[in-house]
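**Student:** Got a file for you: entry.txt, compact mmCIF, C-alpha atoms and all ligand atoms.
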# COMPACT_ATOMS: atom_id res chain seq x y z
CA MET P 1 -6.26 62.73 7.52
CA THR P 2 -7.62 63.21 11.06
CA ARG P 3 -10.28 60.75 12.19
CA ALA P 4 -12.52 60.30 15.23
CA LEU P 5 -15.54 58.33 16.38
CA LEU P 6 -18.57 59.92 18.02
CA HIS P 7 -21.11 58.05 20.10
CA PHE P 8 -23.89 58.61 22.60
CA GLN P 9 -23.60 57.63 26.27
CA ASP P 10 -26.23 54.89 26.03
CA GLU P 11 -24.06 53.08 23.48
CA ALA P 12 -20.68 53.83 25.02
CA ALA P 13 -19.69 50.18 25.50
CA PRO P 14 -20.11 48.85 21.91
CA ALA P 15 -18.94 52.16 20.40
CA ARG P 16 -15.73 52.15 22.44
CA ARG P 17 -15.11 48.52 21.52
CA LEU P 18 -15.32 49.60 17.88
CA ALA P 19 -13.11 52.66 18.45
CA GLU P 20 -10.47 50.47 20.07
CA ALA P 21 -10.61 47.84 17.31
CA ALA P 22 -10.42 50.54 14.63
CA GLY P 23 -7.76 52.62 16.38
CA LEU P 24 -9.93 55.74 16.53
CA PRO P 25 -10.20 58.29 19.34
CA ALA P 26 -13.75 58.10 20.78
CA HIS P 27 -15.78 61.07 22.00
CA ALA P 28 -19.25 61.18 23.54
CA VAL P 29 -22.00 63.51 22.35
CA GLU P 30 -23.76 65.39 25.14
CA ARG P 31 -27.52 65.10 24.79
CA HIS P 32 -30.17 67.09 26.61
CA ARG P 33 -33.91 66.72 26.21
CA PHE P 34 -35.90 69.90 26.86
CA PRO P 35 -39.30 69.75 28.59
CA ASP P 36 -41.00 70.19 25.21
CA GLU P 37 -39.08 67.08 23.99
CA GLU P 38 -36.76 68.94 21.62
CA LEU P 39 -33.13 67.78 21.75
CA LYS P 40 -29.95 69.75 22.35
CA LEU P 41 -26.71 68.10 21.25
CA ARG P 42 -23.21 69.25 22.10
CA LEU P 43 -20.01 67.96 20.55
CA PRO P 44 -16.64 67.76 22.31
CA PHE P 45 -14.60 69.32 19.53
CA ALA P 46 -15.13 72.90 20.70
CA GLU P 47 -12.85 72.04 23.63
CA THR P 48 -10.37 69.75 21.90
CA GLY P 49 -9.76 71.82 18.77
CA ALA P 50 -10.71 71.41 15.15
CA PHE P 51 -13.18 68.86 13.85
CA PRO P 52 -11.62 65.72 12.30
CA GLU P 53 -11.71 65.39 8.52
CA THR P 54 -13.24 61.91 8.81
CA LEU P 55 -15.96 61.51 11.41
CA VAL P 56 -17.47 58.12 12.23
CA LEU P 57 -20.80 58.29 14.02
CA TYR P 58 -21.88 55.17 15.92
CA ARG P 59 -25.66 55.03 16.35
CA SER P 60 -27.73 51.87 16.26
CA LEU P 61 -31.18 52.78 15.03
CA ASP P 62 -33.44 50.77 17.29
CA ARG P 63 -36.12 53.06 18.82
CA PRO P 64 -35.34 55.21 15.79
CA ASN P 65 -37.53 58.28 15.77
CA ASP P 66 -35.48 60.56 18.04
CA LYS P 67 -32.28 59.10 16.64
CA LEU P 68 -33.12 60.14 13.09
CA VAL P 69 -33.39 63.75 14.30
CA GLU P 70 -30.04 63.34 16.10
CA LEU P 71 -28.46 62.17 12.85
CA LEU P 72 -29.88 65.15 10.97
CA LEU P 73 -28.53 67.64 13.53
CA LEU P 74 -25.13 65.98 13.86
CA ALA P 75 -24.49 65.43 10.17
CA ARG P 76 -25.52 68.91 9.06
CA HIS P 77 -23.47 70.48 11.87
CA ALA P 78 -20.42 68.36 11.08
CA ARG P 79 -20.52 69.40 7.43
CA ARG P 80 -20.71 73.05 8.43
CA GLN P 81 -17.61 72.51 10.57
CA GLY P 82 -15.64 71.14 7.63
CA VAL P 83 -15.91 67.36 8.08
CA THR P 84 -15.28 65.92 4.62
CA ARG P 85 -16.02 62.23 5.22
CA LEU P 86 -18.98 61.35 7.35
CA VAL P 87 -19.55 57.67 8.09
CA LEU P 88 -22.57 56.26 9.87
CA VAL P 89 -22.08 52.95 11.65
CA ALA P 90 -25.65 51.87 12.41
CA PRO P 91 -25.43 48.21 13.42
CA TYR P 92 -29.24 48.09 13.38
CA LEU P 93 -30.91 49.95 10.56
CA ALA P 94 -34.46 51.15 11.13
CA TYR P 95 -37.46 51.31 8.81
CA MET P 96 -36.15 48.57 6.51
CA ARG P 97 -39.13 46.25 7.11
CA GLN P 98 -41.72 48.47 5.36
CA ASP P 99 -40.14 47.77 1.98
CA ILE P 100 -43.33 47.64 -0.07
CA ALA P 101 -46.87 48.93 0.28
CA PHE P 102 -48.41 45.82 1.82
CA HIS P 103 -51.82 47.56 1.57
CA PRO P 104 -52.86 50.36 -0.80
CA GLY P 105 -51.81 53.78 0.44
CA GLU P 106 -49.03 52.61 2.78
CA ILE P 107 -45.82 54.65 2.66
CA VAL P 108 -42.71 52.66 1.71
CA SER P 109 -40.49 53.92 4.51
CA GLN P 110 -37.44 51.83 3.53
CA THR P 111 -36.50 53.96 0.53
CA ILE P 112 -37.49 57.25 2.18
CA VAL P 113 -35.37 56.67 5.28
CA GLY P 114 -32.62 55.18 3.08
CA GLY P 115 -32.66 58.32 0.91
CA PHE P 116 -32.48 60.52 4.03
CA LEU P 117 -29.36 58.69 5.25
CA ALA P 118 -27.77 58.91 1.80
CA GLU P 119 -28.21 62.70 1.83
CA LEU P 120 -26.50 62.99 5.23
CA PHE P 121 -23.63 60.50 5.04
CA ASP P 122 -20.88 59.46 2.63
CA ALA P 123 -20.97 55.85 3.82
CA VAL P 124 -23.30 53.69 5.89
CA ILE P 125 -22.20 50.44 7.52
CA THR P 126 -24.80 48.13 9.02
CA VAL P 127 -25.35 44.49 9.98
CA ASP P 128 -27.97 42.09 8.61
CA PRO P 129 -30.38 44.74 7.35
CA HIS P 130 -33.90 43.56 6.61
CA LEU P 131 -33.65 43.33 2.83
CA HIS P 132 -36.30 40.77 2.03
CA ARG P 133 -37.53 41.98 -1.30
CA ILE P 134 -34.37 43.70 -2.55
CA GLU P 135 -30.92 42.17 -2.87
CA ARG P 136 -28.49 44.99 -2.10
CA LEU P 137 -28.38 47.70 0.54
CA ASP P 138 -27.62 50.40 -2.05
CA GLN P 139 -31.10 49.81 -3.47
CA ALA P 140 -32.43 51.19 -0.16
CA ILE P 141 -29.58 53.64 0.61
CA PRO P 142 -28.33 55.04 -2.70
CA LEU P 143 -24.64 55.39 -1.82
CA GLU P 144 -21.50 53.90 -3.33
CA HIS P 145 -20.53 52.84 0.19
CA ALA P 146 -23.69 51.21 1.57
CA ILE P 147 -22.16 48.25 3.36
CA ALA P 148 -24.12 45.33 4.81
CA LEU P 149 -22.19 42.98 7.10
CA SER P 150 -23.50 39.84 8.78
CA GLY P 151 -23.59 38.57 12.33
CA ALA P 152 -24.35 35.01 11.20
CA PRO P 153 -20.76 33.67 11.02
CA ARG P 154 -19.97 34.84 14.56
CA LEU P 155 -23.29 33.54 15.88
CA ALA P 156 -22.52 30.23 14.15
CA ALA P 157 -19.16 29.99 15.93
CA LEU P 158 -20.91 30.55 19.26
CA ILE P 159 -23.54 27.89 18.49
CA ALA P 160 -20.76 25.44 17.62
CA GLU P 161 -19.29 25.98 21.11
CA LYS P 162 -22.62 25.59 22.88
CA ARG P 163 -24.42 22.76 21.04
CA HIS P 164 -23.47 19.44 19.47
CA ALA P 165 -24.39 19.01 15.77
CA PRO P 166 -27.55 21.12 16.00
CA LEU P 167 -30.06 21.71 13.22
CA LEU P 168 -30.01 25.41 12.26
CA LEU P 169 -33.47 26.58 11.22
CA GLY P 170 -34.72 29.90 9.92
CA PRO P 171 -38.30 30.61 11.04
CA ASP P 172 -39.15 31.85 7.54
CA GLU P 173 -37.74 31.47 4.05
CA GLU P 174 -36.01 34.88 4.13
CA ALA P 175 -33.83 33.60 6.97
CA LEU P 176 -32.16 31.17 4.55
CA GLN P 177 -29.41 33.78 3.94
CA TRP P 178 -28.37 33.60 7.61
CA VAL P 179 -28.69 29.85 8.22
CA ARG P 180 -26.88 29.20 4.95
CA GLN P 181 -23.89 31.32 6.05
CA ALA P 182 -23.92 29.66 9.46
CA GLY P 183 -24.16 26.20 7.86
CA GLU P 184 -21.22 26.96 5.56
CA ALA P 185 -19.14 28.08 8.55
CA THR P 186 -19.93 25.03 10.70
CA GLY P 187 -21.09 22.20 8.45
CA PHE P 188 -24.35 21.91 10.44
CA GLU P 189 -27.56 20.92 8.65
CA VAL P 190 -29.80 23.89 7.83
CA GLY P 191 -33.38 24.49 6.75
CA THR P 192 -36.18 27.04 6.87
CA CYS P 193 -39.76 27.04 8.07
CA ARG P 194 -42.66 28.75 6.28
CA LYS P 195 -44.19 31.77 8.00
CA THR P 196 -47.49 33.52 7.41
CA ARG P 197 -47.88 36.90 9.08
CA ASN P 198 -51.46 37.95 9.80
CA GLY P 199 -50.67 40.86 12.13
CA ASP P 200 -47.98 42.39 14.37
CA ARG P 201 -48.37 39.62 16.96
CA ASP P 202 -50.14 37.02 14.87
CA VAL P 203 -47.91 34.68 12.87
CA GLN P 204 -48.20 31.04 11.87
CA VAL P 205 -45.14 28.87 11.29
CA GLU P 206 -45.06 25.58 9.38
CA LEU P 207 -42.07 23.25 9.87
CA PRO P 208 -39.98 22.00 6.95
CA ASP P 209 -39.86 18.34 5.99
CA ILE P 210 -36.84 17.60 8.21
CA ALA P 211 -36.87 15.07 11.08
CA VAL P 212 -36.47 17.05 14.31
CA ALA P 213 -37.38 14.47 16.97
CA GLY P 214 -34.65 14.22 19.59
CA ARG P 215 -32.54 16.94 17.95
CA GLN P 216 -31.07 20.13 19.30
CA VAL P 217 -32.43 22.94 17.14
CA VAL P 218 -31.23 26.56 16.97
CA LEU P 219 -33.54 29.12 15.36
CA MET P 220 -31.60 31.87 13.55
CA ASP P 221 -33.13 35.12 12.34
CA ASP P 222 -32.18 38.75 11.72
CA VAL P 223 -34.44 40.19 14.38
CA ALA P 224 -36.90 39.28 17.11
CA SER P 225 -39.36 42.10 17.77
CA SER P 226 -42.66 40.90 19.30
CA GLY P 227 -41.01 37.48 19.67
CA HIS P 228 -43.99 35.69 18.14
CA THR P 229 -42.11 34.44 15.07
CA VAL P 230 -39.52 32.47 17.06
CA ALA P 231 -42.11 31.53 19.70
CA ARG P 232 -44.43 29.88 17.14
CA ALA P 233 -41.48 28.12 15.50
CA ALA P 234 -40.21 26.87 18.87
CA GLU P 235 -43.64 25.56 19.89
CA ALA P 236 -43.99 23.65 16.61
CA LEU P 237 -40.49 22.16 17.00
CA LEU P 238 -41.06 21.06 20.60
CA ASP P 239 -44.46 19.58 19.64
CA ALA P 240 -42.61 17.63 16.94
CA GLY P 241 -40.24 16.20 19.57
CA ALA P 242 -37.17 18.46 19.32
CA ALA P 243 -34.88 17.89 22.32
CA SER P 244 -34.19 21.60 22.75
CA VAL P 245 -34.78 24.88 20.94
CA ASP P 246 -32.46 27.87 21.36
CA VAL P 247 -32.51 31.20 19.52
CA ALA P 248 -29.62 33.09 17.87
CA ILE P 249 -30.49 36.47 16.39
CA THR P 250 -28.52 39.44 15.19
CA HIS P 251 -30.79 42.22 16.47
CA ALA P 252 -32.28 41.94 19.96
CA LEU P 253 -35.18 44.35 19.54
CA PHE P 254 -37.42 42.43 22.00
CA ALA P 255 -40.31 44.87 22.14
CA GLY P 256 -42.61 44.79 25.20
CA ASP P 257 -43.08 41.29 26.62
CA ALA P 258 -41.19 39.55 23.77
CA LEU P 259 -38.75 37.71 26.01
CA ALA P 260 -41.58 36.35 28.16
CA VAL P 261 -43.39 35.20 25.00
CA ILE P 262 -40.25 33.40 23.83
CA GLU P 263 -39.62 31.82 27.22
CA ALA P 264 -43.25 30.68 27.51
CA ALA P 265 -42.84 28.90 24.16
CA GLY P 266 -40.16 26.67 25.72
CA VAL P 267 -37.03 28.27 24.25
CA GLY P 268 -33.86 27.45 26.22
CA GLU P 269 -31.24 30.12 25.58
CA VAL P 270 -31.33 33.33 23.55
CA TRP P 271 -28.07 34.62 22.06
CA SER P 272 -27.69 37.93 20.20
CA THR P 273 -25.01 40.23 18.85
CA ASP P 274 -24.35 43.62 20.45
CA CYS P 275 -25.84 45.46 17.44
CA ILE P 276 -28.59 46.42 19.90
CA ALA P 277 -27.54 46.55 23.55
CA HIS P 278 -29.46 43.86 25.45
CA GLY P 279 -28.94 41.35 28.23
CA SER P 280 -28.86 38.52 25.67
CA ASN P 281 -25.78 39.96 23.89
CA ALA P 282 -23.22 37.19 23.45
CA ILE P 283 -21.27 38.40 20.42
CA ALA P 284 -19.35 41.68 19.94
CA MET P 285 -19.44 42.95 16.37
CA ALA P 286 -16.55 45.42 16.83
CA PRO P 287 -13.92 43.33 14.95
CA VAL P 288 -16.21 42.94 11.92
CA LEU P 289 -17.22 46.62 11.91
CA ALA P 290 -13.59 47.72 12.32
CA GLU P 291 -12.53 45.61 9.35
CA ALA P 292 -15.21 47.26 7.21
CA LEU P 293 -14.10 50.73 8.36
CA ALA P 294 -10.46 49.91 7.56
CA ALA P 295 -11.43 48.81 4.04
CA LEU P 296 -13.42 51.99 3.48
CA TYR P 297 -10.87 54.78 3.87
O1 LIG P 301 -40.56 38.98 16.52
P1 LIG P 301 -41.53 39.32 15.45
O2 LIG P 301 -42.40 40.50 15.79
O3 LIG P 301 -42.35 38.14 15.02
O4 LIG P 301 -40.70 39.82 14.19
C1 LIG P 301 -39.58 39.15 13.73
C2 LIG P 301 -39.75 38.74 12.30
O5 LIG P 301 -40.08 39.90 11.53
C3 LIG P 301 -39.25 39.96 10.39
O6 LIG P 301 -39.85 39.39 9.31
P2 LIG P 301 -41.26 39.91 8.74
O7 LIG P 301 -42.36 39.16 9.39
O8 LIG P 301 -41.33 41.39 8.75
O9 LIG P 301 -41.13 39.29 7.31
P3 LIG P 301 -41.34 39.85 5.87
O10 LIG P 301 -40.23 40.82 5.59
O11 LIG P 301 -41.22 38.61 5.07
O12 LIG P 301 -42.68 40.46 5.83
C4 LIG P 301 -37.99 39.21 10.80
O13 LIG P 301 -37.27 38.72 9.70
C5 LIG P 301 -38.47 38.16 11.74
O14 LIG P 301 -38.72 36.95 11.08
Kindly present the structure from the file in structure tokens form.

**Tutor:**
Amino acid sequence: MTRALLHFQDEAAPARRLAEAAGLPAHAVERHRFPDEELKLRLPFAETGAFPETLVLYRSLDRPNDKLVELLLLARHARRQGVTRLVLVAPYLAYMRQDIAFHPGEIVSQTIVGGFLAELFDAVITVDPHLHRIERLDQAIPLEHAIALSGAPRLAALIAEKRHAPLLLGPDEEALQWVRQAGEATGFEVGTCRKTRNGDRDVQVELPDIAVAGRQVVLMDDVASSGHTVARAAEALLDAGAASVDVAITHALFAGDALAVIEAAGVGEVWSTDCIAHGSNAIAMAPVLAEALAALY
């Protein structure tokens, strides 16, 4: 069965790392934005011959709104051209955080976007999706192959190289899943803080009952967006006498002035995976993604 990987130019580096690890030929999609903001996409297969039977599309869904239209156009076109297996590798999955109506009338975008992806693709592979109130990815994306991988073990290995016997803390209780995996991989002590979110940039963090004075602490979470969650946790830890606070996250969203907010809170280093391309990327996820692809078909 013929196979190929498609990617966009702005993600050429991580996509080609995956293509190499998975042994797939990689091709770039040409993308043009018209003055009225519509998109024109062009695929390379017109020049190189027939479409592959299995097509893997690499598209991380940070800044998602245009990208969801790209997926719609690409997937529908690929089907029309005879692609029989269509796999989305979206290291960051968008719209997973609105998983309930927090206030009456709010639209639960998680299941709507998840349903949209399930209609387009045969399989979706992602990393550390924000599944706080559901347990499995297929509850959000109703597919047999809805595969959630984790960046935590690789981040844990990096932390073990950089710090001596640190305390691994999640800034909220949902982060237990990541610090637990990291703790199992390294033997480091783990714990979680308690977070109360009052608004997009207004969170309060309460420390757990663990002695932190003089300790190196690494905050681990799935995502930093405004940066206020890790910033409030770091401030509380440094106030309590922590020797240092670093941050290890899977998804480097860092919206607006997030990095400045985190730095101002006294955080030392910030490490992330390459699920979202960012200057803090310290871990390549290609080997993990390639393994999941190999197990799939
Ligand atoms: O950098 P920030 O803008 O502070 O966002 C990052 C935080 O947001 C997410 O949790 P969220 O607060 O959505 O938690 P919830 O799912 O429990 O509501 C995520 O797990 C981080 O903890």

**Student:** How close does chain P get to ligand LIG 301 (chain P)? List, as a Markdown table, each residue of chain P within 10 Å, its nearest atom pair and the distance in Å to one decimal, counting all atoms listed in the file.

**Tutor:**
| residue | atom | partner | partner_atom | distance |
| --- | --- | --- | --- | --- |
| P:Met96 | CA | P:LIG301 | O10 | 8.8 |
| P:Arg97 | CA | P:LIG301 | O8 | 5.6 |
| P:Gln98 | CA | P:LIG301 | O10 | 7.8 |
| P:Asp99 | CA | P:LIG301 | O10 | 7.8 |
| P:Ile100 | CA | P:LIG301 | O12 | 9.3 |
| P:Phe102 | CA | P:LIG301 | O12 | 8.8 |
| P:Asp128 | CA | P:LIG301 | O13 | 10.0 |
| P:Pro129 | CA | P:LIG301 | O13 | 9.4 |
| P:His130 | CA | P:LIG301 | O13 | 6.7 |
| P:Leu131 | CA | P:LIG301 | O10 | 7.6 |
| P:His132 | CA | P:LIG301 | O10 | 5.3 |
| P:Arg133 | CA | P:LIG301 | O10 | 7.5 |
| P:Gly170 | CA | P:LIG301 | O14 | 8.2 |
| P:Pro171 | CA | P:LIG301 | O14 | 6.4 |
| P:Asp172 | CA | P:LIG301 | O14 | 6.2 |
| P:Glu173 | CA | P:LIG301 | O11 | 8.0 |
| P:Glu174 | CA | P:LIG301 | O11 | 6.5 |
| P:Ala175 | CA | P:LIG301 | O13 | 6.7 |
| P:Lys195 | CA | P:LIG301 | O7 | 7.7 |
| P:Thr196 | CA | P:LIG301 | O7 | 7.9 |
| P:Arg197 | CA | P:LIG301 | O7 | 6.0 |
| P:Asn198 | CA | P:LIG301 | O7 | 9.2 |
| P:Gly199 | CA | P:LIG301 | O7 | 8.9 |
| P:Asp200 | CA | P:LIG301 | O2 | 6.1 |
| P:Arg201 | CA | P:LIG301 | O2 | 6.1 |
| P:Asp202 | CA | P:LIG301 | O3 | 7.9 |
| P:Val203 | CA | P:LIG301 | O3 | 6.9 |
| P:Gln204 | CA | P:LIG301 | O3 | 9.7 |
| P:Met220 | CA | P:LIG301 | O14 | 9.1 |
| P:Asp221 | CA | P:LIG301 | O14 | 6.0 |
| P:Asp222 | CA | P:LIG301 | O13 | 5.5 |
| P:Val223 | CA | P:LIG301 | C4 | 5.1 |
| P:Ala224 | CA | P:LIG301 | O1 | 3.7 |
| P:Ser225 | CA | P:LIG301 | O1 | 3.6 |
| P:Ser226 | CA | P:LIG301 | O2 | 3.5 |
| P:Gly227 | CA | P:LIG301 | O1 | 3.5 |
| P:His228 | CA | P:LIG301 | O3 | 4.3 |
| P:Thr229 | CA | P:LIG301 | O3 | 3.7 |
| P:Val230 | CA | P:LIG301 | O1 | 6.6 |
| P:Ala231 | CA | P:LIG301 | O3 | 8.1 |
| P:Arg232 | CA | P:LIG301 | O3 | 8.8 |
| P:Ile249 | CA | P:LIG301 | C5 | 9.4 |
| P:His251 | CA | P:LIG301 | C4 | 9.6 |
| P:Ala252 | CA | P:LIG301 | O1 | 9.4 |
| P:Leu253 | CA | P:LIG301 | O1 | 8.2 |
| P:Phe254 | CA | P:LIG301 | O1 | 7.2 |
| P:Ala255 | CA | P:LIG301 | O2 | 8.0 |
| P:Ala258 | CA | P:LIG301 | O1 | 7.3 |
| P:Leu259 | CA | P:LIG301 | O1 | 9.7 |
| P:Val261 | CA | P:LIG301 | O1 | 9.7 |
| P:Ile262 | CA | P:LIG301 | O1 | 9.2 |

**Student:** Using Å and a single decimal, report how far CA of Phe121 in chain P sits from CA of Arg76 in chain P.

**Tutor:**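 It comes out at 9.5 Å.
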
**Student:** Report, in Å to a single decimal, how far apart CA of Tyr297 in chain P and CA of Glu53 in chain P are.

**Tutor:**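 CA of Glu53 in chain P sits 11.6 Å away from CA of Tyr297 in chain P.
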
**Student:** Using only C-alpha atoms, list the residues that have an atom at most 12 Å from (-18.8, 31.7, 19.2), coordinates as in the file, as a list of chain:residue names.

**Tutor:**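 Within 12 Å of (-18.8, 31.7, 19.2), the protein and nucleic acid residues are P:Gly151, P:Ala152, P:Pro153, P:Arg154, P:Leu155, P:Ala156, P:Ala157, P:Leu158, P:Ile159, P:Ala160, P:Glu161, P:Lys162, P:Arg163, P:Ala182, P:Ala185, P:Thr186, P:Ala248, P:Trp271, P:Ser272, P:Thr273, P:Asn281, P:Ala282, P:Ile283, P:Ala284, P:Met285.
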
**Student:** Which polymer residues, protein or nucleic acid, are no farther than 6 Å from (-41.6, 25.0, 7.7), counting only C-alpha atoms, as a VMD selection string?

**Tutor:** chain P and resid 192 to 194 206 to 208

**Student:** Considering all atoms listed in the file, can you say which of P:Gly23, P:Gly214, P:Gly241, P:Pro52 comes closest to Leu86 in chain P?

**Tutor:**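 When distances to Leu86 in chain P are compared using all atoms listed in the file, the smallest one comes from P:Pro52.
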
**Student:** Using only C-alpha atoms, which of P:Arg215, P:Ala294, P:Leu41, P:Leu168 sits nearest Val247 in chain P?

**Tutor:**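 Checking each candidate against Val247 in chain P, we get P:Leu168 as the closest.
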
**Student:** Need the shell around Pro287 in chain P: protein/DNA/RNA residues with any atom at most 12 Å away, counting all atoms listed in the file. Skip same-chain ones fewer than 6 positions apart. Format as a compact mmCIF listing (two decimals) with C-alpha atoms, in the coordinates of the input?

**Tutor:**
# COMPACT_ATOMS: atom_id res chain seq x y z
CA PRO P 14 -20.11 48.85 21.91
CA ALA P 15 -18.94 52.16 20.40
CA ARG P 16 -15.73 52.15 22.44
CA ARG P 17 -15.11 48.52 21.52
CA LEU P 18 -15.32 49.60 17.88
CA ALA P 19 -13.11 52.66 18.45
CA GLU P 20 -10.47 50.47 20.07
CA ALA P 21 -10.61 47.84 17.31
CA ALA P 22 -10.42 50.54 14.63
CA GLY P 23 -7.76 52.62 16.38
CA LEU P 149 -22.19 42.98 7.10
CA SER P 150 -23.50 39.84 8.78
CA GLY P 151 -23.59 38.57 12.33
CA ARG P 154 -19.97 34.84 14.56
CA ASP P 274 -24.35 43.62 20.45
CA LEU P 293 -14.10 50.73 8.36
CA ALA P 294 -10.46 49.91 7.56

**Student:** Could you list, as a PyMOL selection string, every residue within 8 Å of His145 in chain P, counting all atoms listed in the file and ignoring same-chain residues fewer than 6 positions away?

**Tutor:** chain P and resi 122-125+138+296

**Student:** Quick check, in Å to one decimal: how far apart do CA of Glu106 in chain P and CA of Asn65 in chain P lie?

**Tutor:**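 If I compute the distance from CA of Glu106 in chain P to CA of Asn65 in chain P, I get 18.3 Å.
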
**Student:** Counting all atoms listed in the file, which residue out of P:Glu235, P:Thr54, P:Ala90, P:Leu120 sits closest to Ala264 in chain P?

**Tutor:**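 Using all atoms listed in the file, Ala264 in chain P sits closest to P:Glu235.
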
**Student:** From the options P:Ala242, P:Ile276, P:Leu167, P:Val267, which residue's atoms come nearest to Ala94 in chain P, counting only C-alpha atoms?

**Tutor:**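 Going through P:Ala242, P:Ile276, P:Leu167, P:Val267 one by one, the smallest distance to Ala94 in chain P is for P:Ile276.
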